[in-house]
>>> print(open('coords_39.cif').read())   # mmCIF, C-alpha atoms and all ligand atoms
data_upload
loop_
_atom_site.label_atom_id
_atom_site.label_comp_id
_atom_site.auth_asym_id
_atom_site.auth_seq_id
_atom_site.Cartn_x
_atom_site.Cartn_y
_atom_site.Cartn_z
CA MET A 1 111.42 93.46 128.53
CA SER A 2 113.72 95.77 130.40
CA GLY A 3 112.55 97.76 133.43
CA PRO A 4 111.26 101.30 133.12
CA GLU A 5 114.41 103.10 134.26
CA ARG A 6 115.77 104.84 131.13
CA SER A 7 114.80 101.90 128.86
CA GLY A 8 114.56 104.30 125.90
CA ARG A 9 118.25 105.24 126.09
CA GLY A 10 119.81 105.25 122.61
CA THR A 11 116.50 106.01 120.86
CA ARG A 12 115.98 109.29 118.98
CA ALA A 13 112.37 110.40 118.85
CA ALA A 14 110.63 113.20 116.96
CA VAL A 15 107.19 114.24 118.24
CA LEU A 16 105.18 116.16 115.64
CA GLY A 17 102.45 118.21 117.32
CA ALA A 18 103.06 120.21 120.52
CA GLY A 19 99.51 120.19 121.88
CA SER A 20 98.54 118.66 125.20
CA TRP A 21 99.15 115.01 124.32
CA GLY A 22 102.13 115.54 122.00
CA THR A 23 103.93 117.57 124.68
CA THR A 24 103.03 115.12 127.44
CA PHE A 25 104.16 112.12 125.42
CA ALA A 26 107.41 113.91 124.54
CA LYS A 27 107.99 114.23 128.29
CA VAL A 28 107.26 110.50 128.76
CA LEU A 29 109.78 109.59 126.05
CA ALA A 30 112.41 111.90 127.55
CA ASP A 31 111.77 110.47 131.03
CA ALA A 32 112.29 106.99 129.54
CA GLY A 33 115.73 108.11 128.32
CA CYS A 34 115.05 108.93 124.64
CA ALA A 35 116.59 111.97 122.96
CA VAL A 36 113.42 113.88 122.04
CA THR A 37 112.71 116.77 119.69
CA LEU A 38 109.22 118.27 119.80
CA HIS A 39 107.97 120.03 116.67
CA ALA A 40 105.55 122.94 117.17
CA ARG A 41 103.99 125.11 114.46
CA ARG A 42 104.31 128.45 116.23
CA PRO A 43 107.75 130.00 116.88
CA GLU A 44 106.47 131.80 119.98
CA LEU A 45 105.44 128.46 121.54
CA CYS A 46 108.87 126.96 120.74
CA GLU A 47 110.56 129.95 122.31
CA ALA A 48 108.41 129.68 125.43
CA ILE A 49 109.18 125.96 125.77
CA THR A 50 112.90 126.58 125.28
CA GLU A 51 113.07 129.57 127.62
CA THR A 52 110.76 128.47 130.44
CA GLY A 53 110.91 124.65 130.22
CA GLU A 54 107.07 124.59 130.14
CA ASN A 55 104.39 124.55 127.46
CA PRO A 56 102.31 127.48 128.75
CA ASP A 57 99.50 127.07 126.20
CA TYR A 58 98.72 123.40 126.77
CA LEU A 59 100.36 122.27 130.03
CA PRO A 60 100.92 125.28 132.26
CA GLY A 61 102.80 124.44 135.45
CA VAL A 62 104.29 121.17 134.17
CA ARG A 63 108.10 121.11 134.12
CA LEU A 64 109.44 119.51 130.95
CA PRO A 65 112.72 117.53 131.07
CA ARG A 66 115.78 119.57 130.15
CA THR A 67 116.75 116.91 127.60
CA LEU A 68 113.63 117.72 125.54
CA THR A 69 114.15 120.32 122.81
CA ALA A 70 111.53 122.16 120.75
CA THR A 71 111.76 123.37 117.16
CA VAL A 72 109.56 124.77 114.38
CA ASP A 73 111.82 123.07 111.86
CA ALA A 74 110.28 119.69 110.99
CA ALA A 75 113.39 118.59 109.04
CA LEU A 76 115.55 119.22 112.09
CA ALA A 77 113.15 117.31 114.36
CA LEU A 78 113.05 114.34 111.97
CA ASP A 79 116.77 114.15 111.24
CA GLY A 80 118.02 110.75 112.39
CA ALA A 81 114.79 109.84 114.25
CA ASP A 82 114.21 106.15 115.03
CA VAL A 83 110.67 106.89 116.20
CA VAL A 84 108.32 109.48 114.68
CA VAL A 85 105.30 110.28 116.84
CA LEU A 86 102.26 111.85 115.18
CA ALA A 87 100.15 113.98 117.56
CA VAL A 88 98.00 116.40 115.57
CA PRO A 89 94.19 116.47 115.28
CA SER A 90 93.05 113.51 113.15
CA GLN A 91 91.38 115.62 110.48
CA SER A 92 94.65 117.54 109.93
CA LEU A 93 96.90 114.46 109.70
CA ARG A 94 96.75 114.03 105.92
CA ALA A 95 97.72 117.65 105.16
CA ASN A 96 100.45 117.76 107.82
CA LEU A 97 101.89 114.38 106.85
CA THR A 98 101.97 115.26 103.15
CA ALA A 99 104.42 118.02 104.05
CA TRP A 100 106.44 115.82 106.44
CA ALA A 101 106.56 112.62 104.31
CA PRO A 102 109.68 113.53 102.27
CA LEU A 103 111.56 114.24 105.52
CA LEU A 104 110.84 110.90 107.24
CA PRO A 105 113.87 108.66 107.86
CA PRO A 106 113.30 105.53 105.71
CA ASP A 107 113.15 102.92 108.49
CA ALA A 108 111.71 104.97 111.36
CA SER A 109 108.72 103.54 113.25
CA LEU A 110 105.66 105.75 112.81
CA LEU A 111 103.60 105.93 116.01
CA SER A 112 100.12 107.46 115.96
CA LEU A 113 98.75 109.00 119.16
CA MET A 114 95.57 110.12 117.41
CA LYS A 115 92.05 108.95 118.21
CA GLY A 116 89.91 109.67 115.20
CA ILE A 117 88.52 108.47 111.87
CA GLU A 118 89.07 110.56 108.76
CA LEU A 119 86.06 112.41 107.37
CA GLY A 120 85.30 111.47 103.78
CA SER A 121 87.58 108.41 103.52
CA THR A 122 86.44 106.74 106.82
CA LYS A 123 90.07 105.62 107.23
CA ARG A 124 91.82 104.93 110.53
CA MET A 125 94.92 107.01 111.23
CA SER A 126 97.33 104.12 110.51
CA GLU A 127 95.68 103.69 107.12
CA VAL A 128 96.15 107.40 106.36
CA ILE A 129 99.81 107.12 107.45
CA CYS A 130 100.50 104.14 105.14
CA GLU A 131 98.71 105.84 102.26
CA VAL A 132 100.47 109.20 102.55
CA THR A 133 103.98 107.95 103.36
CA GLY A 134 104.04 104.68 101.41
CA ALA A 135 105.32 102.97 104.60
CA GLY A 136 104.58 99.26 104.96
CA PRO A 137 102.04 98.38 107.70
CA GLU A 138 104.81 96.79 109.81
CA ARG A 139 106.32 100.26 110.39
CA VAL A 140 103.10 101.80 111.69
CA ALA A 141 101.84 101.59 115.29
CA ALA A 142 99.17 103.24 117.42
CA LEU A 143 99.22 104.06 121.11
CA SER A 144 95.87 104.13 122.89
CA GLY A 145 94.51 103.78 126.39
CA PRO A 146 93.14 105.72 129.40
CA ASN A 147 95.67 108.52 129.02
CA LEU A 148 94.28 111.93 129.91
CA ALA A 149 97.27 114.14 129.13
CA ARG A 150 97.25 116.34 132.22
CA GLU A 151 97.28 113.38 134.64
CA ILE A 152 100.19 111.73 132.83
CA ALA A 153 102.09 115.02 132.64
CA GLU A 154 101.72 115.11 136.44
CA GLU A 155 103.20 111.59 136.54
CA GLN A 156 100.05 109.96 137.89
CA PRO A 157 100.38 106.20 137.17
CA ALA A 158 98.64 104.92 134.06
CA ALA A 159 98.83 102.10 131.54
CA THR A 160 98.46 102.09 127.77
CA VAL A 161 98.61 99.85 124.71
CA ILE A 162 101.01 99.98 121.76
CA ALA A 163 99.44 98.18 118.83
CA CYS A 164 101.66 97.13 115.94
CA PRO A 165 101.59 94.12 113.62
CA ASP A 166 105.40 93.82 113.98
CA ASP A 167 106.30 92.39 117.42
CA ASP A 168 109.88 93.69 117.39
CA ARG A 169 108.80 97.25 116.68
CA ALA A 170 106.05 97.01 119.30
CA THR A 171 108.60 95.90 121.89
CA ALA A 172 111.08 98.65 120.91
CA LEU A 173 108.31 101.27 121.17
CA GLN A 174 107.25 99.83 124.52
CA ALA A 175 110.82 100.26 125.85
CA ALA A 176 111.01 103.78 124.41
CA CYS A 177 108.08 105.04 126.51
CA HIS A 178 108.19 102.86 129.65
CA THR A 179 108.66 105.00 132.75
CA PRO A 180 107.94 104.49 136.46
CA TYR A 181 104.56 106.24 135.93
CA PHE A 182 103.67 105.07 132.40
CA ARG A 183 103.26 101.36 131.68
CA PRO A 184 102.79 100.32 128.04
CA TYR A 185 101.52 96.87 126.98
CA THR A 186 101.92 95.55 123.43
CA ASN A 187 99.04 94.29 121.29
CA ARG A 188 98.82 93.06 117.68
CA ASP A 189 95.25 94.27 117.16
CA LEU A 190 95.78 97.63 115.48
CA VAL A 191 92.21 97.81 114.15
CA GLY A 192 90.66 97.21 117.58
CA CYS A 193 92.95 99.63 119.42
CA GLU A 194 92.43 102.45 116.91
CA LEU A 195 88.70 101.90 116.72
CA GLY A 196 88.36 101.78 120.52
CA GLY A 197 90.12 105.15 120.78
CA ALA A 198 88.03 106.81 118.08
CA VAL A 199 84.61 105.55 119.17
CA LYS A 200 85.11 106.24 122.89
CA ASN A 201 85.28 109.94 122.00
CA VAL A 202 81.80 109.67 120.49
CA ILE A 203 80.45 107.85 123.55
CA ALA A 204 82.14 110.46 125.81
CA LEU A 205 80.17 113.13 123.95
CA ALA A 206 76.99 111.14 124.71
CA CYS A 207 77.97 110.93 128.40
CA GLY A 208 78.65 114.67 128.45
CA ILE A 209 75.27 115.41 126.85
CA ALA A 210 73.58 113.24 129.50
CA GLU A 211 75.51 115.04 132.25
CA GLY A 212 74.50 118.42 130.80
CA MET A 213 70.87 117.29 130.82
CA GLY A 214 71.18 116.66 134.54
CA PHE A 215 71.44 112.86 134.62
CA GLY A 216 73.68 110.91 136.98
CA ASP A 217 75.67 107.72 137.37
CA ASN A 218 73.10 105.15 136.20
CA THR A 219 72.75 106.98 132.90
CA ARG A 220 76.53 107.24 132.45
CA ALA A 221 77.08 103.56 133.29
CA SER A 222 74.34 102.55 130.85
CA LEU A 223 75.92 104.67 128.11
CA ILE A 224 79.42 103.30 128.79
CA THR A 225 78.20 99.71 128.72
CA ARG A 226 75.99 100.00 125.65
CA GLY A 227 78.66 102.19 124.03
CA LEU A 228 81.18 99.41 124.52
CA ALA A 229 78.72 96.93 123.00
CA GLU A 230 78.35 99.01 119.84
CA THR A 231 82.12 99.63 119.61
CA ALA A 232 82.79 95.89 119.86
CA ARG A 233 80.07 95.08 117.27
CA LEU A 234 81.58 97.50 114.80
CA GLY A 235 85.17 96.56 115.64
CA THR A 236 84.71 92.82 115.15
CA ALA A 237 82.92 93.49 111.85
CA LEU A 238 86.05 95.39 110.78
CA GLY A 239 88.34 92.51 111.80
CA ALA A 240 89.26 93.49 115.39
CA GLU A 241 89.60 90.98 118.24
CA LEU A 242 86.70 91.02 120.70
CA THR A 243 89.09 90.83 123.68
CA THR A 244 90.71 94.17 122.74
CA PHE A 245 87.51 95.95 123.77
CA ALA A 246 87.75 94.54 127.31
CA GLY A 247 91.29 95.97 127.54
CA LEU A 248 92.93 99.35 128.08
CA ALA A 249 92.23 100.65 124.56
CA GLY A 250 88.57 99.63 124.90
CA LEU A 251 86.89 99.65 128.30
CA GLY A 252 89.84 101.39 130.01
CA ASP A 253 89.83 104.45 127.79
CA LEU A 254 86.04 104.54 127.63
CA VAL A 255 85.69 104.63 131.42
CA ALA A 256 88.38 107.30 131.86
CA THR A 257 87.09 109.59 129.14
CA CYS A 258 83.41 109.23 129.94
CA SER A 259 84.00 109.93 133.65
CA SER A 260 86.64 112.67 133.67
CA PRO A 261 85.99 116.41 133.78
CA LEU A 262 89.42 116.68 132.04
CA SER A 263 88.00 115.07 128.88
CA ARG A 264 87.45 117.60 126.10
CA ASN A 265 84.86 115.34 124.43
CA ARG A 266 82.83 114.88 127.61
CA THR A 267 83.05 118.61 128.38
CA PHE A 268 81.99 119.48 124.83
CA GLY A 269 78.98 117.16 125.16
CA GLU A 270 78.06 118.64 128.54
CA LYS A 271 77.72 122.09 126.97
CA LEU A 272 75.54 120.68 124.19
CA GLY A 273 73.41 118.94 126.81
CA ARG A 274 72.93 122.24 128.60
CA GLY A 275 71.43 123.64 125.41
CA MET A 276 74.34 125.41 123.68
CA SER A 277 74.56 125.04 119.88
CA LEU A 278 77.46 123.27 118.15
CA GLU A 279 78.79 126.60 116.88
CA GLU A 280 78.61 128.17 120.35
CA VAL A 281 80.55 125.31 121.90
CA GLN A 282 83.09 125.28 119.06
CA ARG A 283 83.73 129.00 119.55
CA GLU A 284 84.83 128.47 123.14
CA THR A 285 86.77 125.20 122.60
CA ARG A 286 90.51 125.61 121.94
CA GLN A 287 91.68 122.01 121.97
CA VAL A 288 90.44 119.25 119.72
CA ALA A 289 87.32 117.22 120.69
CA GLU A 290 87.78 114.47 118.11
CA GLY A 291 84.38 112.81 118.50
CA VAL A 292 82.56 115.83 117.06
CA LYS A 293 84.03 115.17 113.62
CA SER A 294 84.66 111.43 113.90
CA CYS A 295 81.05 110.57 114.80
CA ARG A 296 79.96 110.91 111.17
CA PRO A 297 82.64 108.65 109.61
CA VAL A 298 82.05 106.12 112.45
CA LEU A 299 78.35 106.05 111.54
CA GLU A 300 79.23 105.75 107.85
CA LEU A 301 81.55 102.80 108.56
CA ALA A 302 78.84 101.12 110.63
CA ARG A 303 76.21 101.57 107.91
CA ALA A 304 78.61 100.24 105.26
CA HIS A 305 78.99 97.06 107.36
CA GLY A 306 75.34 96.77 108.38
CA ILE A 307 76.10 97.38 112.09
CA ASP A 308 73.62 99.03 114.45
CA VAL A 309 75.27 101.90 116.42
CA PRO A 310 72.36 103.74 118.06
CA LEU A 311 74.45 105.89 120.41
CA THR A 312 76.74 107.09 117.63
CA GLU A 313 73.64 107.85 115.57
CA ALA A 314 72.19 109.83 118.48
CA VAL A 315 75.41 111.88 118.84
CA VAL A 316 75.41 112.68 115.09
CA LYS A 317 71.79 113.87 115.40
CA VAL A 318 72.54 116.19 118.33
CA CYS A 319 75.87 117.49 116.95
CA HIS A 320 75.15 117.82 113.26
CA ASP A 321 71.43 117.50 112.53
CA GLY A 322 70.21 120.03 115.10
CA VAL A 323 67.89 117.51 116.80
CA PRO A 324 67.24 118.47 120.46
CA ALA A 325 68.90 116.12 122.95
CA GLN A 326 65.52 115.51 124.72
CA LEU A 327 64.02 114.18 121.50
CA VAL A 328 67.02 111.97 120.76
CA LEU A 329 66.83 110.57 124.31
CA LYS A 330 63.14 109.73 123.81
CA GLU A 331 64.00 107.88 120.58
CA ILE A 332 66.81 105.90 122.22
CA MET A 333 64.68 104.86 125.20
CA SER A 334 61.76 103.75 123.04
CA ARG A 335 63.77 101.58 120.67
CA GLU A 336 62.46 98.05 120.23
CA ALA A 337 62.98 96.00 123.42
CA LYS A 338 65.50 93.15 122.98
CA PRO A 339 67.78 90.73 124.87
CA GLU A 340 71.09 92.17 126.07
N1 LIG A 401 94.95 115.29 125.23
C1 LIG A 401 94.78 114.05 125.63
O1 LIG A 401 94.53 113.79 126.80
C2 LIG A 401 94.89 112.93 124.62
C3 LIG A 401 94.77 113.15 123.27
N2 LIG A 401 94.83 112.10 122.41
C4 LIG A 401 94.72 112.30 120.96
O2 LIG A 401 95.90 112.94 120.49
C5 LIG A 401 95.60 113.73 119.34
C6 LIG A 401 96.15 115.14 119.54
O3 LIG A 401 95.45 115.67 120.66
P1 LIG A 401 95.96 116.84 121.59
O4 LIG A 401 97.42 116.94 121.64
O5 LIG A 401 95.25 116.65 122.87
O6 LIG A 401 95.35 118.08 120.80
P2 LIG A 401 95.54 119.65 121.07
O7 LIG A 401 94.34 120.31 120.50
O8 LIG A 401 95.91 119.86 122.49
O9 LIG A 401 96.83 119.99 120.17
C7 LIG A 401 96.86 119.80 118.77
C8 LIG A 401 98.25 120.13 118.25
O10 LIG A 401 98.26 119.91 116.83
C9 LIG A 401 98.74 121.07 116.17
N3 LIG A 401 98.14 121.16 114.84
C10 LIG A 401 98.78 120.88 113.69
N4 LIG A 401 97.98 121.05 112.64
C11 LIG A 401 96.80 121.47 113.10
C12 LIG A 401 95.59 121.83 112.49
N5 LIG A 401 95.44 121.82 111.18
N6 LIG A 401 94.56 122.20 113.29
C13 LIG A 401 94.70 122.24 114.63
N7 LIG A 401 95.85 121.91 115.26
C14 LIG A 401 96.89 121.53 114.52
C15 LIG A 401 98.38 122.22 117.11
O11 LIG A 401 99.20 123.34 116.85
C16 LIG A 401 98.65 121.59 118.47
O12 LIG A 401 100.02 121.64 118.75
C17 LIG A 401 94.07 113.68 119.18
O13 LIG A 401 93.76 112.74 118.19
C18 LIG A 401 93.58 113.21 120.54
O14 LIG A 401 92.37 112.49 120.46
C19 LIG A 401 95.02 110.83 122.84
C20 LIG A 401 95.17 110.56 124.18
C21 LIG A 401 95.13 111.59 125.17
O1 LIG A 402 91.90 110.28 124.80
C1 LIG A 402 91.87 110.81 125.88
C2 LIG A 402 92.13 110.07 127.13
O2 LIG A 402 92.59 108.78 126.89
C3 LIG A 402 91.58 112.26 125.99
O3 LIG A 402 90.23 112.46 125.86
P1 LIG A 402 89.67 113.87 125.36
O4 LIG A 402 90.21 114.07 123.95
O5 LIG A 402 88.19 113.73 125.40
O6 LIG A 402 90.19 114.90 126.30
#
>>> encode(input="coords_39.cif", output="structure tokens")
Amino acid sequence: MSGPERSGRGTRAAVLGAGSWGTTFAKVLADAGCAVTLHARRPELCEAITETGENPDYLPGVRLPRTLTATVDAALALDGADVVVLAVPSQSLRANLTAWAPLLPPDASLLSLMKGIELGSTKRMSEVICEVTGAGPERVAALSGPNLAREIAEEQPAATVIACPDDDRATALQAACHTPYFRPYTNRDLVGCELGGAVKNVIALACGIAEGMGFGDNTRASLITRGLAETARLGTALGAELTTFAGLAGLGDLVATCSSPLSRNRTFGEKLGRGMSLEEVQRETRQVAEGVKSCRPVLELARAHGIDVPLTEAVVKVCHDGVPAQLVLKEIMSREAKPE
């Protein structure tokens, strides 16, 4: 593996989705030496990025590399791309990708940045990508890890995982985004990495709810640890490797998201824990908090495989069934006593 200095040189990348993570990752790719085009939906955002060299809506104050260009034209962004990065909210992937699929270069690697499970189908994002585009699984990868966008945009050091069943593609993607501040590892366990990313958002909601109810570090550590246990139970039932959950896409991401005030999921949960209704919190939330929608398909997946996921169940009750957090807490704490 080459060093991080410009190891992406010669790679053309299209990033579809100019929100906080799409824009940040476009910067990472450009800093690694790739030629990057960022696709945004709104012309006024494209203009602002082009004119000011910043994304004022999602990353105010962060200078974007001059080599990064923005466009509303998806065909232009995708023309000649070796790497296509998908960075839209999970529940909007299918509709967006249906429009983009005819424009995808035939051999491009398709890299998902998304951390969610599709409502209705209970599919992981890589499964949706294969289904909509007809791409073979070897072309599809997911990037996941403790990667709060704002910190990475500020070039604070962090590591991540690129999961892909094809080793050569994983290594090429690793080179394309390796910078002095962003260190990607490869992994073959796509199921485990995607599931870790999706379920940690649900557990981060639980941590936020606990925070909003006034509880401290013991509660959060208990939720993180038992949350990891239920993620690993579900993941291994779906074919993931147990060791993935001890890695960056498991424990790493869970710790970062559950602890950080930058996390949208944790912040969303905190407002619920303080007594706001789902609708009230949704009204004042501009960016996506994936766990709010993904908690239901995660629970559905768990039930279909006979796996006990009490924390996910608790989050579904608070978010969608209108059960007061105090009552859900009482239920969780009085579950049957058992060995760890
Ligand atoms: N922000 C972060 O720190 C990280 C986010 N992620 C994941 O990356 C994915 C994208 O997240 P962000 O960029 O943070 O989201 P965001 O809410 O900041 O931006 C979403 C982007 O998708 C676009 N979009 C396209 N179709 C849309 C639709 N139908 N509804 C709403 N927006 C639509 C929006 O215009 C916007 O550019 C999510 O799955 C998230 O979990 C993963 C790691 C870090
Ligand atoms: O996935 C993330 C960090 O790795 C971002 O978490 P939030 O979506 O909760 O902000």
>>> atom_distance(input="coords_39.cif", atom1="CA of Val83 in chain A", atom2="atom C16 of ligand LIG 401 (chain A)")
19.1 Å
>>> residues_around(input="coords_39.cif", residues="Gly275 in chain A", least_positions_apart="6", cutoff="12 Å", atoms="only C-alpha atoms", output="PDB file with C-alpha atoms, in the coordinates of the input")
ATOM      1  CA  GLY A 208      78.650 114.670 128.450  1.00  0.00           C
ATOM      2  CA  ILE A 209      75.270 115.410 126.850  1.00  0.00           C
ATOM      3  CA  ALA A 210      73.580 113.240 129.500  1.00  0.00           C
ATOM      4  CA  GLU A 211      75.510 115.040 132.250  1.00  0.00           C
ATOM      5  CA  GLY A 212      74.500 118.420 130.800  1.00  0.00           C
ATOM      6  CA  MET A 213      70.870 117.290 130.820  1.00  0.00           C
ATOM      7  CA  GLY A 214      71.180 116.660 134.540  1.00  0.00           C
ATOM      8  CA  PHE A 268      81.990 119.480 124.830  1.00  0.00           C
ATOM      9  CA  GLY A 269      78.980 117.160 125.160  1.00  0.00           C
ATOM     10  CA  VAL A 281      80.550 125.310 121.900  1.00  0.00           C
ATOM     11  CA  VAL A 318      72.540 116.190 118.330  1.00  0.00           C
ATOM     12  CA  CYS A 319      75.870 117.490 116.950  1.00  0.00           C
ATOM     13  CA  GLY A 322      70.210 120.030 115.100  1.00  0.00           C
ATOM     14  CA  VAL A 323      67.890 117.510 116.800  1.00  0.00           C
ATOM     15  CA  PRO A 324      67.240 118.470 120.460  1.00  0.00           C
ATOM     16  CA  ALA A 325      68.900 116.120 122.950  1.00  0.00           C
ATOM     17  CA  GLN A 326      65.520 115.510 124.720  1.00  0.00           C
TER      18      GLN A 326
END
>>> closest_atom_pairs(input="coords_39.cif", of="chain A", to="ligand LIG 401 (chain A)", cutoff="7 Å", atoms="all atoms listed in the file", output="JSON lines")
{"residue": "A:Gly17", "atom": "CA", "partner": "A:LIG401", "partner_atom": "O12", "distance": 4.4}
{"residue": "A:Ala18", "atom": "CA", "partner": "A:LIG401", "partner_atom": "O12", "distance": 3.8}
{"residue": "A:Gly19", "atom": "CA", "partner": "A:LIG401", "partner_atom": "O9", "distance": 3.2}
{"residue": "A:Ser20", "atom": "CA", "partner": "A:LIG401", "partner_atom": "O8", "distance": 4.0}
{"residue": "A:Trp21", "atom": "CA", "partner": "A:LIG401", "partner_atom": "O4", "distance": 3.7}
{"residue": "A:Gly22", "atom": "CA", "partner": "A:LIG401", "partner_atom": "O4", "distance": 4.9}
{"residue": "A:Ala40", "atom": "CA", "partner": "A:LIG401", "partner_atom": "O12", "distance": 5.9}
{"residue": "A:Arg41", "atom": "CA", "partner": "A:LIG401", "partner_atom": "O11", "distance": 5.6}
{"residue": "A:Tyr58", "atom": "CA", "partner": "A:LIG401", "partner_atom": "O8", "distance": 6.2}
{"residue": "A:Ala87", "atom": "CA", "partner": "A:LIG401", "partner_atom": "C6", "distance": 4.6}
{"residue": "A:Val88", "atom": "CA", "partner": "A:LIG401", "partner_atom": "O10", "distance": 3.7}
{"residue": "A:Pro89", "atom": "CA", "partner": "A:LIG401", "partner_atom": "O13", "distance": 4.8}
{"residue": "A:Ser90", "atom": "CA", "partner": "A:LIG401", "partner_atom": "O13", "distance": 5.1}
{"residue": "A:Ser92", "atom": "CA", "partner": "A:LIG401", "partner_atom": "N5", "distance": 4.5}
{"residue": "A:Asn96", "atom": "CA", "partner": "A:LIG401", "partner_atom": "N4", "distance": 6.3}
{"residue": "A:Leu113", "atom": "CA", "partner": "A:LIG401", "partner_atom": "O2", "distance": 5.0}
{"residue": "A:Met114", "atom": "CA", "partner": "A:LIG401", "partner_atom": "O13", "distance": 3.3}
{"residue": "A:Lys115", "atom": "CA", "partner": "A:LIG401", "partner_atom": "O13", "distance": 4.2}
{"residue": "A:Gly116", "atom": "CA", "partner": "A:LIG401", "partner_atom": "O13", "distance": 5.8}
{"residue": "A:Ser144", "atom": "CA", "partner": "A:LIG401", "partner_atom": "C20", "distance": 6.6}
{"residue": "A:Asn147", "atom": "CA", "partner": "A:LIG401", "partner_atom": "C21", "distance": 5.0}
{"residue": "A:Leu148", "atom": "CA", "partner": "A:LIG401", "partner_atom": "O1", "distance": 3.6}
{"residue": "A:Ala149", "atom": "CA", "partner": "A:LIG401", "partner_atom": "O1", "distance": 3.6}
{"residue": "A:Arg150", "atom": "CA", "partner": "A:LIG401", "partner_atom": "O1", "distance": 6.6}
{"residue": "A:Ser263", "atom": "CA", "partner": "A:LIG401", "partner_atom": "O1", "distance": 7.0}
{"residue": "A:Arg286", "atom": "CA", "partner": "A:LIG401", "partner_atom": "O7", "distance": 6.7}
{"residue": "A:Gln287", "atom": "CA", "partner": "A:LIG401", "partner_atom": "O7", "distance": 3.5}
{"residue": "A:Val288", "atom": "CA", "partner": "A:LIG401", "partner_atom": "O7", "distance": 4.1}
{"residue": "A:Ala289", "atom": "CA", "partner": "A:LIG401", "partner_atom": "O14", "distance": 6.9}
{"residue": "A:Glu290", "atom": "CA", "partner": "A:LIG401", "partner_atom": "O14", "distance": 5.5}
>>> atom_distance(input="coords_39.cif", atom1="CA of Ala99 in chain A", atom2="CA of Leu119 in chain A")
19.5 Å
>>> closest_residue(input="coords_39.cif", among="A:Ala153, A:Ala141, A:Leu195, A:Val255", to="Tyr181 in chain A", atoms="all atoms listed in the file")
A:Ala153
>>> closest_residue(input="coords_39.cif", among="A:Glu270, A:Glu151, A:Glu230, A:Asp82", to="Leu110 in chain A", atoms="only C-alpha atoms")
A:Asp82
>>> closest_residue(input="coords_39.cif", among="A:Glu155, A:Glu300, A:Glu241, A:Glu279", to="Glu313 in chain A", atoms="all atoms listed in the file")
A:Glu300
